[in-house]
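File shown: entry_39.csv (CSV, C-alpha atoms).
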chain,number,residue,atom,x,y,z
A,1,MET,CA,16.4,-15.2,0.1
A,2,ASP,CA,15.6,-11.5,-0.4
A,3,SER,CA,12.9,-10.7,2.2
A,4,SER,CA,12.0,-7.4,0.6
A,5,SER,CA,10.7,-9.1,-2.6
A,6,PHE,CA,9.8,-12.5,-1.3
A,7,SER,CA,6.0,-12.0,-1.6
A,8,ALA,CA,6.4,-10.7,-5.2
A,9,ARG,CA,8.4,-13.8,-6.0
A,10,CYS,CA,5.6,-16.0,-4.6
A,11,ASN,CA,2.9,-14.2,-6.4
A,12,GLY,CA,4.8,-14.4,-9.7
A,13,ILE,CA,5.2,-18.1,-9.3
A,14,PHE,CA,1.6,-18.7,-8.3
A,15,ASP,CA,0.3,-16.7,-11.3
A,16,LYS,CA,2.6,-18.7,-13.6
A,17,VAL,CA,1.2,-22.0,-12.2
A,18,ILE,CA,-2.4,-21.0,-12.7
A,19,LYS,CA,-1.6,-19.9,-16.3
A,20,ASP,CA,0.3,-23.1,-16.9
A,21,TYR,CA,-2.6,-25.2,-15.5
A,22,HIS,CA,-5.2,-23.6,-17.7
A,23,ILE,CA,-3.3,-24.4,-20.9
A,24,GLN,CA,-5.0,-27.9,-20.6
A,25,ASP,CA,-7.4,-27.0,-17.8
A,26,SER,CA,-7.6,-30.6,-16.6
A,27,THR,CA,-7.3,-32.0,-13.1
A,28,ASP,CA,-5.4,-34.9,-14.6
A,29,SER,CA,-2.7,-32.6,-16.2
A,30,VAL,CA,0.8,-33.5,-15.2
A,31,CYS,CA,2.7,-30.8,-13.2
A,32,LYS,CA,5.7,-29.8,-15.2
A,33,ASP,CA,7.8,-28.0,-12.6
A,34,PRO,CA,10.3,-25.7,-14.4
A,35,TYR,CA,12.4,-25.0,-11.3
A,36,PRO,CA,15.5,-26.9,-9.9
A,37,ALA,CA,14.5,-29.8,-7.7
A,38,HIS,CA,14.4,-29.1,-4.0
A,39,SER,CA,14.6,-25.4,-4.5
A,40,ILE,CA,12.2,-23.1,-2.8
A,41,ASP,CA,10.8,-22.0,-6.2
A,42,SER,CA,10.1,-25.6,-7.0
A,43,LEU,CA,8.2,-26.1,-3.7
A,44,LEU,CA,6.2,-23.0,-4.3
A,45,TYR,CA,5.3,-24.1,-7.8
A,46,ARG,CA,4.3,-27.6,-6.8
A,47,LYS,CA,2.4,-26.2,-3.8
A,48,ASN,CA,0.3,-23.9,-5.9
A,49,TRP,CA,-0.3,-26.7,-8.5
A,50,ILE,CA,-1.8,-28.8,-5.8
A,51,ASP,CA,-4.0,-25.9,-4.7
A,52,THR,CA,-5.1,-25.3,-8.3
A,53,VAL,CA,-6.0,-28.9,-9.1
A,54,GLN,CA,-7.9,-29.1,-5.8
A,55,TRP,CA,-9.8,-25.9,-6.6
A,56,HIS,CA,-11.2,-27.5,-9.7
A,57,LEU,CA,-11.9,-30.8,-8.0
A,58,GLU,CA,-14.0,-28.8,-5.4
A,59,ASP,CA,-15.9,-27.3,-8.4
A,60,ILE,CA,-16.5,-30.7,-9.9
A,61,ILE,CA,-17.7,-32.4,-6.8
A,62,ARG,CA,-20.4,-29.8,-6.3
A,63,ASP,CA,-22.2,-30.8,-9.5
A,64,PRO,CA,-25.7,-32.0,-8.2
A,65,ALA,CA,-25.8,-34.5,-11.0
A,66,ILE,CA,-22.5,-36.1,-10.2
A,67,ASP,CA,-22.5,-39.9,-9.8
A,68,PRO,CA,-22.1,-40.8,-6.1
A,69,SER,CA,-19.3,-43.2,-6.8
A,70,GLU,CA,-17.5,-40.5,-8.7
A,71,ALA,CA,-18.1,-38.0,-6.0
A,72,LEU,CA,-16.6,-40.4,-3.4
A,73,ARG,CA,-13.6,-41.0,-5.7
A,74,ILE,CA,-13.0,-37.3,-5.9
A,75,LYS,CA,-13.5,-36.8,-2.2
A,76,ARG,CA,-10.8,-39.4,-1.5
A,77,ARG,CA,-8.5,-37.5,-4.0
A,78,ILE,CA,-9.2,-34.2,-2.2
A,79,ASP,CA,-8.3,-35.8,1.1
A,80,ALA,CA,-5.0,-37.1,-0.3
A,81,SER,CA,-4.4,-33.6,-1.8
A,82,ASN,CA,-5.0,-31.9,1.5
A,83,GLN,CA,-2.4,-34.2,3.1
A,84,GLU,CA,0.1,-33.5,0.3
A,85,ARG,CA,-0.5,-29.8,0.7
A,86,THR,CA,0.1,-29.9,4.4
A,87,ASP,CA,3.3,-31.9,3.9
A,88,MET,CA,4.6,-29.4,1.4
A,89,VAL,CA,3.8,-26.4,3.6
A,90,GLU,CA,5.8,-28.1,6.4
A,91,GLN,CA,8.7,-28.7,3.9
A,92,LEU,CA,8.7,-24.9,3.2
A,93,ASP,CA,8.8,-24.1,6.9
A,94,VAL,CA,11.8,-26.4,7.3
A,95,LEU,CA,13.6,-24.3,4.7
A,96,PHE,CA,12.6,-21.1,6.5
A,97,TYR,CA,13.6,-22.5,9.9
A,98,ARG,CA,17.0,-23.6,8.6
A,99,GLU,CA,17.6,-20.1,7.3
A,100,PHE,CA,16.5,-18.1,10.3
A,101,SER,CA,17.2,-20.4,13.3
A,102,GLY,CA,20.8,-19.1,13.6
A,103,VAL,CA,19.8,-15.5,13.7
A,104,PRO,CA,20.5,-14.0,17.2
A,105,ARG,CA,17.2,-13.0,18.9
A,106,LEU,CA,16.8,-9.4,19.9
A,107,GLN,CA,15.5,-8.6,23.4
A,108,GLY,CA,11.8,-9.0,23.4
A,109,ALA,CA,11.7,-11.1,20.2
A,110,GLY,CA,8.4,-13.0,19.9
A,111,LEU,CA,6.6,-15.5,17.7
A,112,ASN,CA,4.3,-14.7,14.9
A,113,THR,CA,0.7,-16.0,14.9
A,114,GLU,CA,1.6,-18.3,12.1
A,115,THR,CA,4.7,-19.6,10.4
A,116,PRO,CA,6.0,-18.1,7.1
A,117,ALA,CA,4.9,-21.1,5.1
A,118,TRP,CA,1.3,-21.0,6.4
A,119,ALA,CA,1.1,-17.3,5.5
A,120,VAL,CA,2.4,-18.2,2.0
A,121,ASP,CA,-0.3,-21.0,1.9
A,122,ARG,CA,-2.9,-18.2,2.2
A,123,LEU,CA,-1.2,-16.2,-0.5
A,124,SER,CA,-1.4,-19.2,-2.8
A,125,ILE,CA,-5.2,-19.6,-2.3
A,126,LEU,CA,-5.6,-15.8,-2.8
A,127,SER,CA,-4.0,-16.1,-6.2
A,128,LEU,CA,-6.6,-18.6,-7.2
A,129,LYS,CA,-9.5,-16.5,-5.8
A,130,ILE,CA,-8.3,-13.5,-7.8
A,131,TYR,CA,-7.9,-15.5,-11.0
A,132,HIS,CA,-11.4,-17.0,-10.9
A,133,MET,CA,-13.1,-13.9,-9.5
A,134,GLN,CA,-11.6,-12.0,-12.5
A,135,ILE,CA,-13.2,-14.5,-14.8
A,136,GLU,CA,-16.6,-14.0,-13.2
A,137,ALA,CA,-16.2,-10.2,-13.1
A,138,ASP,CA,-15.6,-10.2,-16.8
A,139,ARG,CA,-18.5,-12.5,-17.7
A,140,LYS,CA,-21.0,-10.5,-19.9
A,141,ASP,CA,-23.8,-12.9,-19.2
A,142,SER,CA,-23.4,-13.0,-15.4
A,143,PRO,CA,-26.0,-11.3,-13.2
A,144,LYS,CA,-23.4,-11.2,-10.5
A,145,ALA,CA,-20.6,-9.5,-12.5
A,146,ALA,CA,-20.9,-6.2,-10.7
A,147,SER,CA,-20.7,-7.8,-7.3
A,148,CYS,CA,-17.8,-9.9,-8.5
A,149,ARG,CA,-15.9,-6.8,-9.5
A,150,GLU,CA,-16.4,-5.4,-6.0
A,151,LYS,CA,-15.1,-8.7,-4.5
A,152,LEU,CA,-12.2,-8.7,-6.8
A,153,GLU,CA,-11.1,-5.3,-5.5
A,154,VAL,CA,-11.3,-6.6,-2.0
A,155,LEU,CA,-9.2,-9.6,-2.9
A,156,LEU,CA,-6.6,-7.5,-4.6
A,157,GLU,CA,-6.3,-5.3,-1.5
A,158,GLN,CA,-6.1,-8.4,0.6
A,159,ARG,CA,-3.2,-9.8,-1.5
A,160,LYS,CA,-1.4,-6.4,-1.2
A,161,ASP,CA,-1.8,-6.4,2.6
A,162,LEU,CA,-0.9,-10.1,3.1
A,163,SER,CA,2.1,-9.7,0.8
A,164,ALA,CA,3.3,-6.7,2.9
A,165,ALA,CA,2.8,-8.7,6.1
A,166,ILE,CA,4.8,-11.6,4.8
A,167,ASP,CA,7.6,-9.4,3.7
A,168,GLN,CA,7.6,-7.7,7.1
A,169,LEU,CA,7.6,-11.1,8.8
A,170,MET,CA,10.6,-12.2,6.7
A,171,ALA,CA,12.4,-9.0,7.6
A,172,ASP,CA,11.7,-9.5,11.3
A,173,LEU,CA,12.9,-13.1,11.2
A,174,ARG,CA,16.1,-12.0,9.4
A,175,SER,CA,16.8,-9.2,11.9
A,176,GLY,CA,15.9,-11.2,15.1
A,177,LYS,CA,12.8,-9.2,16.0
A,178,LYS,CA,10.9,-12.5,15.6
A,179,TYR,CA,11.7,-16.1,15.7
A,180,MET,CA,9.9,-19.2,14.6
A,181,LYS,CA,9.2,-22.7,15.8
A,182,LEU,CA,8.3,-25.8,13.8
A,183,TYR,CA,4.9,-27.3,14.6
A,184,LYS,CA,3.4,-30.2,12.7
A,185,GLN,CA,-0.3,-30.1,11.9
A,186,MET,CA,-0.8,-33.4,13.8
A,187,LYS,CA,-3.7,-34.5,11.5
A,188,MET,CA,-5.2,-37.7,13.0
A,189,TYR,CA,-8.0,-38.6,10.6
A,190,ASN,CA,-5.7,-39.9,7.9
A,191,ASP,CA,-3.8,-42.2,10.2
A,192,PRO,CA,-5.5,-45.7,10.5
A,193,LEU,CA,-4.0,-46.1,14.0
A,194,LEU,CA,-5.4,-42.7,15.3
A,195,ASN,CA,-8.8,-42.4,13.5
A,196,PRO,CA,-11.3,-44.4,15.8
A,197,VAL,CA,-13.5,-45.2,12.8
A,198,LEU,CA,-10.5,-46.8,11.1
A,199,TYR,CA,-8.8,-48.6,13.9
A,200,ALA,CA,-12.2,-49.9,15.2
A,201,LYS,CA,-12.5,-51.9,12.0
A,202,GLY,CA,-9.4,-53.8,12.8
A,203,LYS,CA,-10.7,-55.1,16.2
Here is a file; write its structure as structure tokens.
Amino acid sequence: MDSSSFSARCNGIFDKVIKDYHIQDSTDSVCKDPYPAHSIDSLLYRKNWIDTVQWHLEDIIRDPAIDPSEALRIKRRIDASNQERTDMVEQLDVLFYREFSGVPRLQGAGLNTETPAWAVDRLSILSLKIYHMQIEADRKDSPKAASCREKLEVLLEQRKDLSAAIDQLMADLRSGKKYMKLYKQMKMYNDPLLNPVLYAKGK
């Protein structure tokens, strides 16, 4: 894994996913992952596909005229999507951990504030923000086009900075300046044995 170009690799895949999704522009579109199964590129592609579908589900559910039963169905789908997203980020971190766990630590080596995969997760969401902000910035009939163009510039700068930070983290992990640990998110509300609302119903 080439640390110097890893963020560019991620951004390229994320931009491809968003373009692929908008061919049909449907939350029911099937994800056609073009990369080898179990590869990091495949995980990145499927991760951003989940984010892209969920982005559009979040738009749909905010329709004030939506039928309540449909809104509940979409909310349940979003909950499941969030869990799938978390699982996939953790899969990515397992790959990173396997790659870097054998690197000898330099004296004074420390942990980063977040793991590589959770930083990549933020990069994935940024790609969606940039794509959709660009659409709003280009809208001729939008009274907010000018402010959207300003926000777009901020988002592009943010992606540049985050990309550089991710590449630096990867370089530090490779050199032993930093090391990583694996932490699960420990989400409790999806577990019927840990969510008090759910396990109380079984009493």
Per-residue nearest contacts stretch 45-132 of chain A to stretch 19-33 of chain A, cut-off 8 Å, using all atoms listed in the file, as CSV:
residue,atom,partner,partner_atom,distance
A:Tyr45,CA,A:Asp33,CA,6.7
A:Arg46,CA,A:Asp33,CA,6.8
A:Trp49,CA,A:Cys31,CA,6.9
A:Thr52,CA,A:Tyr21,CA,7.6
A:Val53,CA,A:Thr27,CA,5.2
A:Gln54,CA,A:Thr27,CA,7.9
A:His56,CA,A:Thr27,CA,6.9
A:Leu57,CA,A:Thr27,CA,7.0
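The space separating atom CA of A:Pro192 from atom CA of A:Gln83 comes to 14.0 Å.
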Each residue of stretch 33-80 of chain A with at least one atom at most 9 Å from stretch 117-137 of chain A should appear once, together with its nearest atom pair and the corresponding distance in Å (one decimal); atoms considered: only C-alpha atoms; ordering: chain, then increasing residue number; output as a Markdown table.
| residue | atom | partner | partner_atom | distance |
| --- | --- | --- | --- | --- |
| A:Leu44 | CA | A:Ser124 | CA | 8.6 |
| A:Lys47 | CA | A:Ser124 | CA | 8.0 |
| A:Asn48 | CA | A:Ser124 | CA | 5.9 |
| A:Asp51 | CA | A:Ile125 | CA | 6.8 |
| A:Thr52 | CA | A:Leu128 | CA | 7.0 |
| A:Trp55 | CA | A:Leu128 | CA | 8.0 |
query = In Å, with one decimal, what is the gap from atom CA of A:Ser69 to atom CA of A:Lys187?
reply =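 Computing the Euclidean distance for atom CA of A:Ser69 and atom CA of A:Lys187 yields 25.6 Å.
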query = Between A:Ile50, A:Leu173, A:Lys144, A:Leu43, which has the minimum distance to A:Asp79 (counting only C-alpha atoms)?
reply =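 Residue with the minimum atom-to-atom distance to A:Asp79: A:Ile50.
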key: Test item: residues at most 12 Å from A:Met170, all atoms listed in the file, excluding those fewer than 5 positions along its chain, as a list in words   = Met1, Asp2, Ser3, Ser4, Ser5, Phe6, Ser7, Phe96, Tyr97, Glu99, Phe100, Asn112, Thr115, Pro116, Ala117, Ala119, Val120, Ser163, Ala164, Ala165, Ser175, Gly176, Lys177, Lys178, Tyr179 and Met180 of chain A
ask   = What does the distance between atom CA of A:Ala171 and atom CA of A:Asp87 come to in Å, to one decimal place?
value =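 Taking atom CA of A:Ala171 as the start and atom CA of A:Asp87 as the end point, the length is 24.9 Å.
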